[in-house]
Protein chains: 2
Amino acid sequence: MATIYEVSEAAGVSLATVSRVMNGNAKVSDRTRQKVLDAMDKLGYKPNAIAQSLASNRTNSVGLLVSELHGSFFGNMMSTVEQVLRQAGKHVIITAGHTNEKREKEAIAFLQSRRCDALIVHAEAVSDEYLCQLSEADLPVVVINRKVEGMEDRCFIVDNENGGFKATDAVARLGHKVIGYISGPRFKKDAQDRLDGHKRALQQAGLAFADSLLYEGDYHESSGQAGFKALFAQHPQMTAVVCANDEMASGAMTAAREAGLQIPQQMSVVGFDDVLFSRYLYPSLTTIDNPIRSMGEMAARWVLEHVYKKRSQGELRNLFVPQLIERDSLAPVPYDD
Amino acid sequence: MATIYEVSEAAGVSLATVSRVMNGNAKVSDRTRQKVLDAMDKLGYKPNAIAQSLASNRTNSVGLLVSELHGSFFGNMMSTVEQVLRQAGKHVIITAGHTNEKREKEAIAFLQSRRCDALIVHAEAVSDEYLCQLSEADLPVVVINRKVEGMEDRCFIVDNENGGFKATDAVARLGHKVIGYISGPRFKKDAQDRLDGHKRALQQAGLAFADSLLYEGDYHESSGQAGFKALFAQHPQMTAVVCANDEMASGAMTAAREAGLQIPQQMSVVGFDDVLFSRYLYPSLTTIDNPIRSMGEMAARWVLEHVYKKRSQGELRNLFVPQLIERDSLAPVPYDD
DNA sequence: TTAGGTTATGAAAGCGCTTTCATTTGGTTT
DNA sequence: AAACCAAATGAAAGCGCTTTCATAACCTAA
C-alpha cells in the first residue's frame, strides 16, 4: 500500500504539500494540487487513518456504547447516531456493555484507547460519578436515556414519568377502575419514573393506588406473563393492565388469552416503548413511543457542534416527551352487569 | 494522559521493557515487571491503541460490514460476532452498507483505512469480483450469507433452497393442495433459492407449480399483505400461504384476518427467518430458522484461526441447514364439504 | 529596479508505540 | 577465578502521517 512518501516523490513535492492537498486546509497552487492528485491515483494511494490519527490527535470517530447490539431499541439508536455522524464524515465505533459494570468500563476503556474524539453512551451499570469523571477528563461524553447529575446539558432523556402518566391516563379515560400495573425492576430509574407517572394518573382519575395491583417484572416477556397471572388471580375484576414495556405487555396478552379473556373487549393492555413488534402483535398494541431516534440524533448533533464545531440546524433538546400510540389493545370498560 | 515515556521514567527502565510487560511476549524479570506495573497504575497509564497499531501494523480489530444497524437479523449477527471476537481480546468496528454499492464501498474503504486486520462482510450490492479482489489484496475477507465464486471457503451461508423446501414440505404434509407463495425480490439470490426449494417440495408432493399462486414481494410487511390479497382473490380455495420471510408472513396474516379467515383453522401460514417477533405474533408463527448466529460465529472463528492464529474448538462449517420451527400457524387442511 | 508584502512550498520535529539488534547482567561450569 | 552462555535490558530506528516554522517564489507599488 502506497504511502505519502511515494506520493510525494512521484509528484515531485514534499510530504507537507501532499498532506495539504489531502486535508485541504491550506492553499496549494492548482498545478501542484493536480500533480499530487495524479500521483495519488496513479499509485492508488489511500491515507492511513491510523497514522493520521496519531499525528493529528484526531480520529474522526466517536465511540458509541450500547447495552446490546441487538434489539430494536439499540438498533434504532445505533442507526440514527451513525446516520447523523456519517453525514458529517465522522465514524462510529460501537461497543456493547451488557448492562454490566465491568464490561461497560472495559468498553469505555477500549473506546478511550482507540482515541475516540467523543463518547456517546447508553450506560446502565456504571455510576454517575464515573461518568462525570470521565467527561471531566479530556474526553467529551454525552449520555442517552439517563440523567447524570452535573452533566445535564449532555444528557438526552425521555420523560418517563410523563409517558407512564399517559399510558395509565389513556386507560382511565376509558372508564377502567381496576387497573393492574406491571413495572420494570424497581432499581432502574426509568422503571421508577414510569411507575410514578402511573400513580399520578390514578390519582388524577380519582383512583387509589394499591400495592396488590402492582407487580414488579424484569422487562422480559415472561415476567409479563407471570405478572398478569398474579394480578388477575388476586383481582378477577381487573379490566386493564398497564405494562412498563412492550415485551411484558406481550407476555401479559398471552397470559390474558390463556385465561380465556378477549383483548381488548374483556381486557385492555398498554405497553411502553413502541418497539417494532408491537404493531405485529394481535391485537396490535397501544403503547407509548420511546423517542430513541430523536435522542440519538440529538446526542450525535451535540457531538458535531461541540466537538467538531459544526453547526447544525434546529435547537438541541434534552428532554423528550413521549406520545401515546393508539392501536387496538384498548377498549372502554365493559358494562357491569 | 500518561505515555510510555513517563512510565519508563517512573519505573527506571527503558521503553522497550515497558512495551514488553504490556505485551507479555518476551521475558522480563519479576522484579522489573512489578516496578513497571506499579508505575503504570500510579500514573493511570493506558496504552494508546492508535500508536500501537501504527508501530505494530496490527490493530486487533476486525471490520464488520452489515446492511443495517437495526433489525433482528443484523442485531444477532453483530451480537454474535462481537461476542466471539471479544472473548479473544479482539474488537469489532461496525459499519453499515445500506444495500447500496457506493455506501458499501465507502464502508469498506473506511475499514481499510482504519487498518482492520480482517473484514467480515454482509454485502449485498458490490460485485463478486470486487470482493475477490479485496481478499486477494493484503486484507483477509470473509463473507456472510453470500456465496462468492473463488472464495467459497470464506463464505458462510445458509441453505436457502433447503429451507424453502422445508417450509412448503411442512405445509404439503398437512394435506394442503392449494398453496400460495409470496417470494422475495427475484433478483436476490436468497429469494430465488427459497423459491426453488418451494418448487421442489411441490413437485415431491405431486403438486403442480402455478404462476398464479406466486406473488413477488419485497420482503416487507406491506407486500405480504398485498400478496395475500392478490393470491386469495384469484384462489379463494387457497388454504395455505408460504412466505419467504417473517415480515411478509405477518402481513399475510393481517390480510387473512381482514378477509375473515381464522388462522390456522382456515388458513395456514409459514414464514422464514424466525425473527424475534415471530413468536409474538398471534398465532405464533411457524417458520424456518435462519442460523445467522451460527454463521456469525463461524465467520468470527475463521478470522481468529486464520488471521490471529488462535485455534478454536470444533470444525468450521460453511453451509448451514435451516430447521423448521413449529409453532401455531399451521393446521391440517380443512375438510372439503 | 527594489523594497515590501503575500503566497506557496519544504525541512524536520514530533505523535506514542514496537521491534531489532547490541549490550549488559548473572548464573554455571571447570 | 576464568570462561562461557543464556537471560534480561537498553538504544534507536522506524510506523505514516501532521504541523510548525523557515524559506523561496512571486506580485505589487514606488
# chains A, B, ... in the order shown; residues from 1 in each chain; ligands from 1

$ residues_around --residues "DA11 (chain D)" --least-positions-apart "6" --cutoff "12 Å" --atoms "only C-alpha atoms (C1' of nucleotides)" --output "ChimeraX atom specification"
/B:14-17 /C:19-23

$ write_last_selection --atoms "N, CA and C atoms (P, O5', C5', C4', C3', O3' and C1' of nucleotides)" --output "CSV table (one decimal), in the first residue's frame"
chain,number,residue,atom,x,y,z
B,14,SER,N,13.8,1.0,30.4
B,14,SER,CA,13.7,1.6,29.1
B,14,SER,C,12.3,1.4,28.5
B,15,LEU,N,12.0,2.1,27.4
B,15,LEU,CA,10.8,2.0,26.7
B,15,LEU,C,10.5,0.5,26.3
B,16,ALA,N,11.5,-0.1,25.8
B,16,ALA,CA,11.4,-1.5,25.4
B,16,ALA,C,10.9,-2.4,26.5
B,17,THR,N,11.4,-2.2,27.6
B,17,THR,CA,10.9,-3.0,28.7
B,17,THR,C,9.5,-2.8,29.1
C,19,DT,P,5.9,-5.8,17.5
C,19,DT,O5',7.4,-5.8,17.0
C,19,DT,C5',7.7,-4.9,16.0
C,19,DT,C4',9.2,-4.9,15.8
C,19,DT,C3',9.9,-6.2,16.3
C,19,DT,O3',11.0,-6.5,15.4
C,19,DT,C1',10.9,-4.4,17.4
C,20,DT,P,11.5,-8.0,15.2
C,20,DT,O5',12.9,-7.7,14.7
C,20,DT,C5',13.1,-6.6,13.8
C,20,DT,C4',14.5,-6.0,14.1
C,20,DT,C3',15.6,-7.0,14.3
C,20,DT,O3',16.7,-6.6,13.6
C,20,DT,C1',15.5,-5.4,16.1
C,21,DC,P,17.9,-7.7,13.2
C,21,DC,O5',19.1,-7.0,13.9
C,21,DC,C5',19.2,-5.6,14.1
C,21,DC,C4',20.1,-5.2,15.2
C,21,DC,C3',21.2,-6.3,15.5
C,21,DC,O3',22.4,-5.6,15.7
C,21,DC,C1',20.0,-5.7,17.5
C,22,DA,P,23.7,-6.5,15.9
C,22,DA,O5',24.3,-5.7,17.1
C,22,DA,C5',24.1,-4.3,17.2
C,22,DA,C4',24.3,-3.8,18.6
C,22,DA,C3',25.5,-4.4,19.3
C,22,DA,O3',26.1,-3.4,20.1
C,22,DA,C1',23.6,-5.0,20.6
C,23,DT,P,27.5,-3.7,20.8
C,23,DT,O5',27.1,-3.7,22.3
C,23,DT,C5',26.4,-2.7,22.9
C,23,DT,C4',25.8,-3.1,24.2
C,23,DT,C3',26.9,-3.6,25.1
C,23,DT,O3',27.0,-2.7,26.3
C,23,DT,C1',25.0,-4.9,25.2

$ residues_around --residues "region 175-179 of chain B" --least-positions-apart "4" --cutoff "12 Å" --atoms "only C-alpha atoms (C1' of nucleotides)" --output "PyMOL selection string"
chain B and resi 167-171+198-199+201-203+205-215+228+231-232+234-243+266-270+330-336

$ interface_residues --of "chain A" --to "chain B" --cutoff "8 Å" --atoms "only C-alpha atoms" --output "PDB file with N, CA and C atoms, in the first residue's frame"
ATOM      1  N   LYS A  46      -4.170   5.403  -0.548  1.00  0.00           N
ATOM      2  CA  LYS A  46      -5.205   5.617   0.464  1.00  0.00           C
ATOM      3  C   LYS A  46      -4.526   6.036   1.752  1.00  0.00           C
ATOM      4  N   PRO A  47      -4.905   7.161   2.289  1.00  0.00           N
ATOM      5  CA  PRO A  47      -4.245   7.584   3.528  1.00  0.00           C
ATOM      6  C   PRO A  47      -4.442   6.555   4.640  1.00  0.00           C
ATOM      7  N   ASN A  48      -3.483   6.424   5.479  1.00  0.00           N
ATOM      8  CA  ASN A  48      -3.563   5.517   6.613  1.00  0.00           C
ATOM      9  C   ASN A  48      -4.161   6.278   7.791  1.00  0.00           C
ATOM     10  N   ALA A  49      -5.400   5.941   8.084  1.00  0.00           N
ATOM     11  CA  ALA A  49      -6.112   6.697   9.115  1.00  0.00           C
ATOM     12  C   ALA A  49      -5.433   6.578  10.473  1.00  0.00           C
ATOM     13  N   ILE A  50      -4.786   5.469  10.693  1.00  0.00           N
ATOM     14  CA  ILE A  50      -4.117   5.273  11.975  1.00  0.00           C
ATOM     15  C   ILE A  50      -2.995   6.290  12.137  1.00  0.00           C
ATOM     16  N   ALA A  51      -2.215   6.400  11.096  1.00  0.00           N
ATOM     17  CA  ALA A  51      -1.103   7.350  11.153  1.00  0.00           C
ATOM     18  C   ALA A  51      -1.626   8.777  11.251  1.00  0.00           C
ATOM     19  N   SER A  53      -4.344   9.727  12.620  1.00  0.00           N
ATOM     20  CA  SER A  53      -4.837   9.949  13.972  1.00  0.00           C
ATOM     21  C   SER A  53      -3.691  10.193  14.939  1.00  0.00           C
ATOM     22  N   LEU A  54      -2.668   9.396  14.785  1.00  0.00           N
ATOM     23  CA  LEU A  54      -1.552   9.534  15.707  1.00  0.00           C
ATOM     24  C   LEU A  54      -0.941  10.924  15.599  1.00  0.00           C
ATOM     25  N   GLU A  68     -26.740  -3.557  24.296  1.00  0.00           N
ATOM     26  CA  GLU A  68     -26.719  -4.750  23.458  1.00  0.00           C
ATOM     27  C   GLU A  68     -26.627  -4.333  22.006  1.00  0.00           C
ATOM     28  N   LEU A  69     -26.136  -5.241  21.185  1.00  0.00           N
ATOM     29  CA  LEU A  69     -26.070  -4.932  19.762  1.00  0.00           C
ATOM     30  C   LEU A  69     -27.345  -5.340  19.046  1.00  0.00           C
ATOM     31  N   HIS A  70     -28.203  -6.052  19.751  1.00  0.00           N
ATOM     32  CA  HIS A  70     -29.454  -6.432  19.102  1.00  0.00           C
ATOM     33  C   HIS A  70     -30.615  -5.802  19.862  1.00  0.00           C
ATOM     34  N   GLY A  71     -31.781  -5.969  19.304  1.00  0.00           N
ATOM     35  CA  GLY A  71     -32.963  -5.367  19.926  1.00  0.00           C
ATOM     36  C   GLY A  71     -33.264  -4.058  19.232  1.00  0.00           C
ATOM     37  N   SER A  72     -34.546  -3.756  19.109  1.00  0.00           N
ATOM     38  CA  SER A  72     -34.893  -2.634  18.268  1.00  0.00           C
ATOM     39  C   SER A  72     -34.535  -1.305  18.917  1.00  0.00           C
ATOM     40  N   PHE A  74     -31.849  -0.521  20.667  1.00  0.00           N
ATOM     41  CA  PHE A  74     -30.466  -0.205  20.346  1.00  0.00           C
ATOM     42  C   PHE A  74     -30.227  -0.133  18.852  1.00  0.00           C
ATOM     43  N   GLY A  75     -30.961  -0.937  18.119  1.00  0.00           N
ATOM     44  CA  GLY A  75     -30.848  -0.876  16.673  1.00  0.00           C
ATOM     45  C   GLY A  75     -31.174   0.518  16.171  1.00  0.00           C
ATOM     46  N   ASN A  76     -32.264   1.049  16.647  1.00  0.00           N
ATOM     47  CA  ASN A  76     -32.647   2.390  16.226  1.00  0.00           C
ATOM     48  C   ASN A  76     -31.641   3.429  16.675  1.00  0.00           C
ATOM     49  N   MET A  78     -28.368   3.018  17.325  1.00  0.00           N
ATOM     50  CA  MET A  78     -27.130   2.932  16.555  1.00  0.00           C
ATOM     51  C   MET A  78     -27.333   3.503  15.171  1.00  0.00           C
ATOM     52  N   SER A  79     -28.443   3.102  14.605  1.00  0.00           N
ATOM     53  CA  SER A  79     -28.760   3.502  13.262  1.00  0.00           C
ATOM     54  C   SER A  79     -28.801   5.021  13.116  1.00  0.00           C
ATOM     55  N   VAL A  92     -18.337   5.948  13.518  1.00  0.00           N
ATOM     56  CA  VAL A  92     -18.811   5.475  14.813  1.00  0.00           C
ATOM     57  C   VAL A  92     -18.143   4.149  15.143  1.00  0.00           C
ATOM     58  N   ILE A  93     -17.670   4.044  16.353  1.00  0.00           N
ATOM     59  CA  ILE A  93     -17.157   2.750  16.803  1.00  0.00           C
ATOM     60  C   ILE A  93     -18.067   2.268  17.919  1.00  0.00           C
ATOM     61  N   ILE A  94     -18.714   1.154  17.667  1.00  0.00           N
ATOM     62  CA  ILE A  94     -19.747   0.677  18.579  1.00  0.00           C
ATOM     63  C   ILE A  94     -19.214  -0.402  19.515  1.00  0.00           C
ATOM     64  N   THR A  95     -19.593  -0.308  20.769  1.00  0.00           N
ATOM     65  CA  THR A  95     -19.244  -1.376  21.701  1.00  0.00           C
ATOM     66  C   THR A  95     -20.465  -1.696  22.556  1.00  0.00           C
ATOM     67  N   SER A 113      -8.981   3.982  24.411  1.00  0.00           N
ATOM     68  CA  SER A 113      -7.697   3.580  23.856  1.00  0.00           C
ATOM     69  C   SER A 113      -7.669   3.780  22.352  1.00  0.00           C
ATOM     70  N   ARG A 114      -8.843   3.699  21.723  1.00  0.00           N
ATOM     71  CA  ARG A 114      -8.896   3.973  20.290  1.00  0.00           C
ATOM     72  C   ARG A 114      -8.928   5.474  20.039  1.00  0.00           C
ATOM     73  N   ARG A 115      -8.798   6.235  21.083  1.00  0.00           N
ATOM     74  CA  ARG A 115      -8.739   7.693  20.976  1.00  0.00           C
ATOM     75  C   ARG A 115      -9.916   8.294  20.222  1.00  0.00           C
ATOM     76  N   SER A 250     -46.622  -7.949  25.838  1.00  0.00           N
ATOM     77  CA  SER A 250     -46.870  -9.123  25.011  1.00  0.00           C
ATOM     78  C   SER A 250     -47.099 -10.349  25.889  1.00  0.00           C
ATOM     79  N   PHE A 277     -42.069  -4.856  17.149  1.00  0.00           N
ATOM     80  CA  PHE A 277     -43.071  -5.912  17.037  1.00  0.00           C
ATOM     81  C   PHE A 277     -44.417  -5.542  17.627  1.00  0.00           C
ATOM     82  N   TYR A 280     -47.042  -5.727  15.307  1.00  0.00           N
ATOM     83  CA  TYR A 280     -47.311  -7.045  14.747  1.00  0.00           C
ATOM     84  C   TYR A 280     -48.139  -7.900  15.703  1.00  0.00           C
ATOM     85  N   LEU A 281     -48.215  -7.476  16.935  1.00  0.00           N
ATOM     86  CA  LEU A 281     -48.987  -8.253  17.896  1.00  0.00           C
ATOM     87  C   LEU A 281     -50.440  -8.267  17.464  1.00  0.00           C
ATOM     88  N   TYR A 282     -51.168  -9.247  17.977  1.00  0.00           N
ATOM     89  CA  TYR A 282     -52.591  -9.274  17.667  1.00  0.00           C
ATOM     90  C   TYR A 282     -53.377  -9.319  18.960  1.00  0.00           C
TER      91      TYR A 282
END

$ atom_distance --atom1 "CA of Glu104 (chain B)" --atom2 "CA of Asn245 (chain B)"
23.8 Å

$ residues_around --residues "Asn145 (chain A)" --least-positions-apart "3" --cutoff "8 Å" --atoms "only C-alpha atoms (C1' of nucleotides)" --output "list in words"
His122, Cys155, Phe156, Ile157, Val158 and Met295 of chain A

$ write_last_selection --atoms "N, CA and C atoms" --output "PDB file, in the first residue's frame"
ATOM      1  N   HIS A 122     -24.832   4.796  26.326  1.00  0.00           N
ATOM      2  CA  HIS A 122     -26.053   4.330  26.972  1.00  0.00           C
ATOM      3  C   HIS A 122     -25.552   3.331  28.009  1.00  0.00           C
ATOM      4  N   CYS A 155     -27.100  15.228  28.628  1.00  0.00           N
ATOM      5  CA  CYS A 155     -27.945  14.055  28.785  1.00  0.00           C
ATOM      6  C   CYS A 155     -29.180  14.208  27.914  1.00  0.00           C
ATOM      7  N   PHE A 156     -29.514  13.177  27.207  1.00  0.00           N
ATOM      8  CA  PHE A 156     -30.692  13.230  26.352  1.00  0.00           C
ATOM      9  C   PHE A 156     -31.648  12.153  26.809  1.00  0.00           C
ATOM     10  N   ILE A 157     -32.765  12.626  27.334  1.00  0.00           N
ATOM     11  CA  ILE A 157     -33.627  11.685  28.014  1.00  0.00           C
ATOM     12  C   ILE A 157     -35.088  11.826  27.618  1.00  0.00           C
ATOM     13  N   VAL A 158     -35.818  10.798  27.958  1.00  0.00           N
ATOM     14  CA  VAL A 158     -37.245  10.809  27.692  1.00  0.00           C
ATOM     15  C   VAL A 158     -37.944  11.003  29.032  1.00  0.00           C
ATOM     16  N   MET A 295     -33.459  11.014  20.442  1.00  0.00           N
ATOM     17  CA  MET A 295     -32.374  11.157  21.409  1.00  0.00           C
ATOM     18  C   MET A 295     -31.020  10.871  20.757  1.00  0.00           C
TER      19      MET A 295
END

$ atom_distance --atom1 "CA of Val275 (chain A)" --atom2 "CA of Ala123 (chain B)"
26.5 Å

$ select_by_dssp --residues "region 75-265 of chain B" --states "alpha helix (DSSP H)" --output "ChimeraX atom specification"
/B:75-87,101-113,128-136,160-173,189-204,221-234,246-258

$ write_last_selection --atoms "C-alpha atoms" --output "tab-separated table (two decimals), in the first residue's frame"
chain	number	residue	atom	x	y	z
B	75	GLY	CA	-28.62	-7.47	15.52
B	76	ASN	CA	-27.99	-11.14	16.01
B	77	MET	CA	-25.17	-11.12	13.59
B	78	MET	CA	-23.35	-8.20	15.20
B	79	SER	CA	-24.01	-9.56	18.60
B	80	THR	CA	-22.53	-12.95	17.88
B	81	VAL	CA	-19.53	-11.72	16.00
B	82	GLU	CA	-18.71	-9.28	18.74
B	83	GLN	CA	-19.07	-11.86	21.43
B	84	VAL	CA	-16.76	-14.37	19.80
B	85	LEU	CA	-14.11	-11.83	18.98
B	86	ARG	CA	-14.13	-10.01	22.26
B	87	GLN	CA	-13.54	-13.26	24.07
B	101	GLU	CA	-22.98	-0.16	-3.84
B	102	LYS	CA	-21.48	3.22	-3.20
B	103	ARG	CA	-22.03	3.06	0.51
B	104	GLU	CA	-20.80	-0.47	0.81
B	105	LYS	CA	-17.61	0.54	-0.92
B	106	GLU	CA	-17.22	3.57	1.27
B	107	ALA	CA	-17.75	1.49	4.35
B	108	ILE	CA	-15.15	-0.98	3.24
B	109	ALA	CA	-12.74	1.82	2.43
B	110	PHE	CA	-13.25	3.17	5.91
B	111	LEU	CA	-12.49	-0.19	7.45
B	112	GLN	CA	-9.41	-0.46	5.29
B	113	SER	CA	-8.25	2.97	6.27
B	128	ASP	CA	-18.30	-10.82	-6.59
B	129	GLU	CA	-15.25	-9.59	-8.43
B	130	TYR	CA	-14.88	-6.68	-6.09
B	131	LEU	CA	-14.95	-8.94	-3.07
B	132	CYS	CA	-12.49	-11.31	-4.65
B	133	GLN	CA	-10.02	-8.58	-5.46
B	134	LEU	CA	-10.35	-7.24	-1.97
B	135	SER	CA	-9.50	-10.54	-0.41
B	136	GLU	CA	-6.65	-11.08	-2.80
B	160	ASN	CA	-31.96	-21.39	1.37
B	161	GLU	CA	-33.17	-23.96	-1.10
B	162	ASN	CA	-33.41	-26.49	1.68
B	163	GLY	CA	-35.21	-24.04	3.92
B	164	GLY	CA	-37.64	-23.19	1.18
B	165	PHE	CA	-38.23	-26.86	0.70
B	166	LYS	CA	-38.86	-27.49	4.37
B	167	ALA	CA	-41.36	-24.68	4.65
B	168	THR	CA	-43.53	-25.89	1.81
B	169	ASP	CA	-42.97	-29.52	2.69
B	170	ALA	CA	-44.38	-28.91	6.17
B	171	VAL	CA	-47.49	-27.45	4.61
B	172	ALA	CA	-47.87	-30.15	1.98
B	173	ARG	CA	-47.59	-32.89	4.59
B	189	LYS	CA	-30.21	-14.85	-4.73
B	190	ASP	CA	-31.69	-15.99	-1.46
B	191	ALA	CA	-35.20	-15.26	-2.64
B	192	GLN	CA	-34.57	-17.29	-5.76
B	193	ASP	CA	-33.17	-20.21	-3.78
B	194	ARG	CA	-36.08	-20.28	-1.39
B	195	LEU	CA	-38.46	-20.31	-4.29
B	196	ASP	CA	-36.57	-23.19	-5.87
B	197	GLY	CA	-36.98	-25.13	-2.64
B	198	HIS	CA	-40.66	-24.38	-2.68
B	199	LYS	CA	-40.98	-25.75	-6.18
B	200	ARG	CA	-39.11	-28.90	-5.28
B	201	ALA	CA	-41.41	-29.51	-2.33
B	202	LEU	CA	-44.46	-29.02	-4.51
B	203	GLN	CA	-43.11	-31.45	-7.02
B	204	GLN	CA	-42.36	-34.02	-4.37
B	221	GLU	CA	-44.73	-6.47	5.65
B	222	SER	CA	-46.93	-4.48	3.33
B	223	SER	CA	-46.08	-6.65	0.38
B	224	GLY	CA	-47.14	-9.68	2.42
B	225	GLN	CA	-50.48	-8.06	2.89
B	226	ALA	CA	-50.79	-7.11	-0.76
B	227	GLY	CA	-49.60	-10.53	-1.81
B	228	PHE	CA	-52.13	-12.35	0.25
B	229	LYS	CA	-54.96	-10.26	-1.09
B	230	ALA	CA	-53.88	-10.80	-4.66
B	231	LEU	CA	-53.47	-14.54	-4.27
B	232	PHE	CA	-56.65	-15.08	-2.31
B	233	ALA	CA	-58.67	-13.04	-4.76
B	234	GLN	CA	-57.56	-15.34	-7.52
B	246	ASP	CA	-41.48	-13.46	8.54
B	247	GLU	CA	-42.32	-9.83	7.87
B	248	MET	CA	-44.33	-10.78	4.82
B	249	ALA	CA	-45.90	-13.64	6.75
B	250	SER	CA	-47.07	-11.16	9.32
B	251	GLY	CA	-48.58	-9.04	6.58
B	252	ALA	CA	-50.24	-12.07	5.10
B	253	MET	CA	-51.73	-12.95	8.48
B	254	THR	CA	-53.19	-9.49	8.81
B	255	ALA	CA	-54.70	-9.68	5.34
B	256	ALA	CA	-56.09	-13.14	6.00
B	257	ARG	CA	-57.76	-11.95	9.16
B	258	GLU	CA	-59.18	-8.99	7.32

$ interface_residues --of "chain C" --to "chain A" --cutoff "9 Å" --atoms "only C-alpha atoms (C1' of nucleotides)" --output "count of residues only"
8

$ closest_atom_pairs --of "chain D" --to "chain A" --cutoff "10 Å" --atoms "only C-alpha atoms (C1' of nucleotides)" --output "CSV"
residue,atom,partner,partner_atom,distance
D:DC15,C1',A:Ala51,CA,7.8
D:DG16,C1',A:Ala51,CA,5.0
D:DC17,C1',A:Ala51,CA,4.8
D:DT18,C1',A:Ala55,CA,5.2
D:DT19,C1',A:Ser56,CA,8.4

$ write_last_selection --atoms "N, CA and C atoms (P, O5', C5', C4', C3', O3' and C1' of nucleotides)" --output "PDB file, in the first residue's frame"
ATOM      1  P    DC D  15       9.507   2.281   8.087  1.00  0.00           P
ATOM      2  O5'  DC D  15       8.034   2.291   8.664  1.00  0.00           O
ATOM      3  C5'  DC D  15       7.453   1.155   9.286  1.00  0.00           C
ATOM      4  C4'  DC D  15       6.169   1.590   9.924  1.00  0.00           C
ATOM      5  C3'  DC D  15       5.473   2.703   9.160  1.00  0.00           C
ATOM      6  O3'  DC D  15       4.505   2.099   8.295  1.00  0.00           O
ATOM      7  C1'  DC D  15       5.462   3.087  11.551  1.00  0.00           C
ATOM      8  P    DG D  16       4.499   2.483   6.733  1.00  0.00           P
ATOM      9  O5'  DG D  16       3.633   3.815   6.718  1.00  0.00           O
ATOM     10  C5'  DG D  16       2.304   3.757   7.197  1.00  0.00           C
ATOM     11  C4'  DG D  16       1.813   5.157   7.418  1.00  0.00           C
ATOM     12  C3'  DG D  16       1.964   6.089   6.215  1.00  0.00           C
ATOM     13  O3'  DG D  16       0.768   6.822   6.105  1.00  0.00           O
ATOM     14  C1'  DG D  16       2.891   7.088   8.100  1.00  0.00           C
ATOM     15  P    DC D  17       0.319   7.645   4.872  1.00  0.00           P
ATOM     16  O5'  DC D  17      -0.556   8.742   5.597  1.00  0.00           O
ATOM     17  C5'  DC D  17      -0.096  10.043   5.777  1.00  0.00           C
ATOM     18  C4'  DC D  17      -0.231  10.435   7.220  1.00  0.00           C
ATOM     19  C3'  DC D  17      -0.285  11.933   7.405  1.00  0.00           C
ATOM     20  O3'  DC D  17      -1.641  12.331   7.498  1.00  0.00           O
ATOM     21  C1'  DC D  17       1.279  10.925   8.910  1.00  0.00           C
ATOM     22  P    DT D  18      -2.040  13.840   7.223  1.00  0.00           P
ATOM     23  O5'  DT D  18      -1.495  14.592   8.519  1.00  0.00           O
ATOM     24  C5'  DT D  18      -2.135  14.386   9.755  1.00  0.00           C
ATOM     25  C4'  DT D  18      -1.540  15.335  10.774  1.00  0.00           C
ATOM     26  C3'  DT D  18      -1.783  16.815  10.479  1.00  0.00           C
ATOM     27  O3'  DT D  18      -2.049  17.416  11.745  1.00  0.00           O
ATOM     28  C1'  DT D  18       0.532  16.404  10.662  1.00  0.00           C
ATOM     29  P    DT D  19      -2.743  18.829  11.842  1.00  0.00           P
ATOM     30  O5'  DT D  19      -1.524  19.757  12.251  1.00  0.00           O
ATOM     31  C5'  DT D  19      -0.614  19.273  13.231  1.00  0.00           C
ATOM     32  C4'  DT D  19       0.565  20.209  13.333  1.00  0.00           C
ATOM     33  C3'  DT D  19       0.285  21.640  12.848  1.00  0.00           C
ATOM     34  O3'  DT D  19       0.979  22.514  13.705  1.00  0.00           O
ATOM     35  C1'  DT D  19       2.102  20.771  11.678  1.00  0.00           C
TER      36       DT D  19
END
